[in-house]
Amino acid sequence: MKTFDHNEHPHRRYNPLTDEWILVSPHRSKRPWQGQNESVTSQNLPEYDPECYLCAGNLRSNGEQNQNYADSYVFDNDFPALLQEDVVFESTEASALFRLKPERGINKVICFSPQHNITIPEMEIDAIEKVIATWKAQYLELGSKDYINYVQIFENKGSVMGCSNPHPHGQIWAQSSLPTQIEKTQKSLINYYNKNKTSLLKDYVDEELKRKERIVITNDHFVVLVPFWATWPFETMIISKRHFGNIIAMTKDETTAFAEILKKITIKYDNLFSTSFPYSSGIHQTPTDKVAHPEWHFHMHFYPPLLRSATVKKFMVGYEMMAEAQRDIAPEKSASILRDLSEIHYTKQI
């Protein structure tokens with residue numbers, strides 16, 4: 001009988017944030033690929049596109065005109081998934097199998113830059129800091145409303161992730177309920193805090209810093225790592241070294257450090273396959289339900305779909321949809337690959 005090797009043998013890993021398991025099958029990374037290839041989007045974009053509804057000064061589809069903004073710019077989503085209006089609701093459904101309730105909220109779009117042809121890894125640090133300042137302001141403003149209990153800041157980058165416009169932008173969805181993933185995470189964080197009187201993610205990041213095998217980047221205030229339980233091939237998390245719950249608790253030095261590490265990890269992503277690397281990213285932080293949340297620890301997820309090249313992506317199908325999440329390449333291997341990549345963007349390398 002062979003001795004177990006997590007780099008060679010299938011095994012399951014536990015995700016303490018969501019109380020779920022993932023199947024890891026590292027031996028499958030050696031299999032040949034004959035599946036779908038994604039087309040690579042051309043990066044020959046103009047700095048300003050008169051047809052782009054996100055560029056400064058342009059008209060949007062609803063007739064509203066964008067300001068001639070010079071850095072980050074926020075506006076209400078023209079096609080919101082949530083509505084702000086309150087409604088009267090009285091459930092007449094007696095069965096617990098058919099539950100529903102109204103959901104109230106606000107959807108915003110944030111343009112990161114007036115330049116149509118750049119993304120976060122190509123932005124200057126001070127410009128990224130202005131994006132973070134906008135995130136802070138929106139978290140504070142939206143979260144102060146009595147009917148908003150969670151503010152989700154996120155970005156979908158690239159057409160592979162369903163992004164319909166290449167202009168650098170993200171979104172904010174603020175709503176009256178805790179979304180499912182946040183509710184799962186909060187339950188796990190509370191259980192851990194009540195048992196240990198410490199933050200789960202603070203303890204986790206401290207232990208990862210000792211082990212070093214999944215660390216990608218560190219600076220004085222933040223860590224980028226491939227989570228032990230990562231699902232996507234090159235999934236990463238940014239975790240604050242200091243224990244605080246939300247973005248408005250960041251000091252000035254931490255804000256700069258956050259901007260620097262955002263730039264570095266996204267440069268590494270672009271350098272991985274010499275392409276503008278697609279991903280969905282999002283910040284997880286304290287709910288805005290006016291309740292103390294010592295269990296929460298600021299962190300940001302990156303879920304990129306690319307697997308073997310700029311044209312081969314990971315699909316969540318079959319077993320993943322019917323049973324549980326599964327990955328081929330070991331998280332430690334992904335971390336090593338990302339760690340060894342240059343922090344100079346591939347378009348600027350000689």
# chains A, B, ... in the order shown; residues from 1 in each chain; ligands from 1
call {"tool": "residues_around", "arguments": {"residues": "range 270-272 of chain A", "least_positions_apart": "6", "cutoff": "9 Å", "atoms": "only C-alpha atoms", "output": "list in words"}}
result
Pro121, Pro278, Ser309, Ala310, Ile337, Leu338, Leu341, Ser342, Glu343, Ile344, His345, Tyr346 and Thr347 of chain A
call {"tool": "residues_around", "arguments": {"residues": "range 210-220 of chain A", "least_positions_apart": "6", "cutoff": "12 Å", "atoms": "only C-alpha atoms", "output": "ChimeraX atom specification"}}
result
/A:203-204,226-230,234-242,253-269,330-343
call {"tool": "closest_residue", "arguments": {"among": "A:Leu54, A:Leu17, A:Ile110, A:Ile125", "to": "Ser199 in chain A", "atoms": "only C-alpha atoms"}}
result
A:Leu17
call {"tool": "select_by_dssp", "arguments": {"residues": "range 102-215 of chain A", "states": "alpha helix (DSSP H)", "output": "ChimeraX atom specification"}}
result
/A:125-143,180-196,200-211
call {"tool": "closest_residue", "arguments": {"among": "A:His167, A:Arg12, A:Lys314, A:Arg99", "to": "Leu45 in chain A", "atoms": "only C-alpha atoms"}}
result
A:His167
call {"tool": "decode", "arguments": {"residues": "range 334-346 of chain A", "atoms": "all heavy atoms", "output": "PDB file, in the first residue's frame"}}
result
ATOM      1  N   SER A 334      -0.504  25.769  -7.249  1.00  0.00           N
ATOM      2  CA  SER A 334      -0.983  27.055  -7.770  1.00  0.00           C
ATOM      3  C   SER A 334      -0.260  28.211  -7.106  1.00  0.00           C
ATOM      4  O   SER A 334       0.155  29.174  -7.772  1.00  0.00           O
ATOM      5  CB  SER A 334      -2.490  27.195  -7.520  1.00  0.00           C
ATOM      6  OG  SER A 334      -3.212  26.230  -8.232  1.00  0.00           O
ATOM      7  N   ALA A 335      -0.103  28.132  -5.791  1.00  0.00           N
ATOM      8  CA  ALA A 335       0.574  29.199  -5.055  1.00  0.00           C
ATOM      9  C   ALA A 335       2.016  29.355  -5.520  1.00  0.00           C
ATOM     10  O   ALA A 335       2.518  30.468  -5.698  1.00  0.00           O
ATOM     11  CB  ALA A 335       0.526  28.913  -3.557  1.00  0.00           C
ATOM     12  N   SER A 336       2.687  28.231  -5.735  1.00  0.00           N
ATOM     13  CA  SER A 336       4.076  28.258  -6.189  1.00  0.00           C
ATOM     14  C   SER A 336       4.195  28.915  -7.562  1.00  0.00           C
ATOM     15  O   SER A 336       5.087  29.732  -7.800  1.00  0.00           O
ATOM     16  CB  SER A 336       4.634  26.834  -6.242  1.00  0.00           C
ATOM     17  OG  SER A 336       5.929  26.811  -6.790  1.00  0.00           O
ATOM     18  N   ILE A 337       3.281  28.588  -8.466  1.00  0.00           N
ATOM     19  CA  ILE A 337       3.294  29.162  -9.810  1.00  0.00           C
ATOM     20  C   ILE A 337       3.087  30.672  -9.749  1.00  0.00           C
ATOM     21  O   ILE A 337       3.825  31.450 -10.365  1.00  0.00           O
ATOM     22  CB  ILE A 337       2.221  28.493 -10.698  1.00  0.00           C
ATOM     23  CG1 ILE A 337       2.590  27.027 -10.974  1.00  0.00           C
ATOM     24  CG2 ILE A 337       2.040  29.259 -12.010  1.00  0.00           C
ATOM     25  CD1 ILE A 337       1.482  26.225 -11.632  1.00  0.00           C
ATOM     26  N   LEU A 338       2.075  31.103  -8.991  1.00  0.00           N
ATOM     27  CA  LEU A 338       1.791  32.531  -8.872  1.00  0.00           C
ATOM     28  C   LEU A 338       2.918  33.282  -8.170  1.00  0.00           C
ATOM     29  O   LEU A 338       3.298  34.388  -8.577  1.00  0.00           O
ATOM     30  CB  LEU A 338       0.480  32.744  -8.108  1.00  0.00           C
ATOM     31  CG  LEU A 338      -0.814  32.344  -8.825  1.00  0.00           C
ATOM     32  CD1 LEU A 338      -2.000  32.406  -7.875  1.00  0.00           C
ATOM     33  CD2 LEU A 338      -1.068  33.243 -10.035  1.00  0.00           C
ATOM     34  N   ARG A 339       3.468  32.665  -7.137  1.00  0.00           N
ATOM     35  CA  ARG A 339       4.539  33.299  -6.356  1.00  0.00           C
ATOM     36  C   ARG A 339       5.766  33.600  -7.215  1.00  0.00           C
ATOM     37  O   ARG A 339       6.426  34.624  -7.063  1.00  0.00           O
ATOM     38  CB  ARG A 339       4.907  32.391  -5.182  1.00  0.00           C
ATOM     39  CG  ARG A 339       5.880  32.993  -4.178  1.00  0.00           C
ATOM     40  CD  ARG A 339       5.950  32.168  -2.898  1.00  0.00           C
ATOM     41  NE  ARG A 339       6.231  30.764  -3.137  1.00  0.00           N
ATOM     42  CZ  ARG A 339       5.388  29.762  -2.838  1.00  0.00           C
ATOM     43  NH1 ARG A 339       4.203  30.021  -2.296  1.00  0.00           N
ATOM     44  NH2 ARG A 339       5.718  28.500  -3.074  1.00  0.00           N
ATOM     45  N   ASP A 340       6.063  32.702  -8.145  1.00  0.00           N
ATOM     46  CA  ASP A 340       7.273  32.832  -8.959  1.00  0.00           C
ATOM     47  C   ASP A 340       7.108  33.798 -10.132  1.00  0.00           C
ATOM     48  O   ASP A 340       8.088  34.106 -10.817  1.00  0.00           O
ATOM     49  CB  ASP A 340       7.692  31.459  -9.493  1.00  0.00           C
ATOM     50  CG  ASP A 340       8.202  30.537  -8.384  1.00  0.00           C
ATOM     51  OD1 ASP A 340       8.532  31.051  -7.298  1.00  0.00           O
ATOM     52  OD2 ASP A 340       8.245  29.312  -8.602  1.00  0.00           O
ATOM     53  N   LEU A 341       5.906  34.273 -10.380  1.00  0.00           N
ATOM     54  CA  LEU A 341       5.677  35.190 -11.495  1.00  0.00           C
ATOM     55  C   LEU A 341       6.195  36.586 -11.172  1.00  0.00           C
ATOM     56  O   LEU A 341       6.225  37.012 -10.027  1.00  0.00           O
ATOM     57  CB  LEU A 341       4.183  35.267 -11.821  1.00  0.00           C
ATOM     58  CG  LEU A 341       3.569  34.021 -12.452  1.00  0.00           C
ATOM     59  CD1 LEU A 341       2.045  34.130 -12.440  1.00  0.00           C
ATOM     60  CD2 LEU A 341       4.077  33.819 -13.875  1.00  0.00           C
ATOM     61  N   SER A 342       6.578  37.302 -12.203  1.00  0.00           N
ATOM     62  CA  SER A 342       7.082  38.664 -12.049  1.00  0.00           C
ATOM     63  C   SER A 342       5.988  39.603 -11.543  1.00  0.00           C
ATOM     64  O   SER A 342       4.797  39.381 -11.785  1.00  0.00           O
ATOM     65  CB  SER A 342       7.614  39.179 -13.397  1.00  0.00           C
ATOM     66  OG  SER A 342       7.954  40.543 -13.315  1.00  0.00           O
ATOM     67  N   GLU A 343       6.397  40.662 -10.855  1.00  0.00           N
ATOM     68  CA  GLU A 343       5.471  41.706 -10.429  1.00  0.00           C
ATOM     69  C   GLU A 343       5.522  42.906 -11.374  1.00  0.00           C
ATOM     70  O   GLU A 343       4.977  43.962 -11.084  1.00  0.00           O
ATOM     71  CB  GLU A 343       5.767  42.123  -8.980  1.00  0.00           C
ATOM     72  CG  GLU A 343       5.466  41.008  -7.986  1.00  0.00           C
ATOM     73  CD  GLU A 343       5.726  41.389  -6.545  1.00  0.00           C
ATOM     74  OE1 GLU A 343       6.162  42.540  -6.293  1.00  0.00           O
ATOM     75  OE2 GLU A 343       5.497  40.541  -5.657  1.00  0.00           O
ATOM     76  N   ILE A 344       6.185  42.720 -12.509  1.00  0.00           N
ATOM     77  CA  ILE A 344       6.174  43.716 -13.593  1.00  0.00           C
ATOM     78  C   ILE A 344       5.233  43.202 -14.678  1.00  0.00           C
ATOM     79  O   ILE A 344       5.354  42.057 -15.128  1.00  0.00           O
ATOM     80  CB  ILE A 344       7.587  43.921 -14.182  1.00  0.00           C
ATOM     81  CG1 ILE A 344       8.551  44.427 -13.095  1.00  0.00           C
ATOM     82  CG2 ILE A 344       7.540  44.901 -15.356  1.00  0.00           C
ATOM     83  CD1 ILE A 344       9.988  44.485 -13.548  1.00  0.00           C
ATOM     84  N   HIS A 345       4.298  44.022 -15.090  1.00  0.00           N
ATOM     85  CA  HIS A 345       3.298  43.576 -16.054  1.00  0.00           C
ATOM     86  C   HIS A 345       3.954  43.120 -17.358  1.00  0.00           C
ATOM     87  O   HIS A 345       4.913  43.730 -17.817  1.00  0.00           O
ATOM     88  CB  HIS A 345       2.326  44.718 -16.345  1.00  0.00           C
ATOM     89  CG  HIS A 345       1.019  44.270 -16.949  1.00  0.00           C
ATOM     90  ND1 HIS A 345       0.836  44.219 -18.314  1.00  0.00           N
ATOM     91  CD2 HIS A 345      -0.128  43.827 -16.386  1.00  0.00           C
ATOM     92  CE1 HIS A 345      -0.397  43.791 -18.565  1.00  0.00           C
ATOM     93  NE2 HIS A 345      -1.009  43.536 -17.415  1.00  0.00           N
ATOM     94  N   TYR A 346       3.432  42.041 -17.923  1.00  0.00           N
ATOM     95  CA  TYR A 346       4.069  41.445 -19.101  1.00  0.00           C
ATOM     96  C   TYR A 346       4.165  42.402 -20.271  1.00  0.00           C
ATOM     97  O   TYR A 346       5.076  42.282 -21.107  1.00  0.00           O
ATOM     98  CB  TYR A 346       3.316  40.163 -19.521  1.00  0.00           C
ATOM     99  CG  TYR A 346       1.982  40.369 -20.186  1.00  0.00           C
ATOM    100  CD1 TYR A 346       1.863  40.429 -21.576  1.00  0.00           C
ATOM    101  CD2 TYR A 346       0.804  40.493 -19.442  1.00  0.00           C
ATOM    102  CE1 TYR A 346       0.634  40.617 -22.199  1.00  0.00           C
ATOM    103  CE2 TYR A 346      -0.420  40.683 -20.033  1.00  0.00           C
ATOM    104  CZ  TYR A 346      -0.500  40.748 -21.416  1.00  0.00           C
ATOM    105  OH  TYR A 346      -1.722  40.943 -22.014  1.00  0.00           O
TER     106      TYR A 346
END
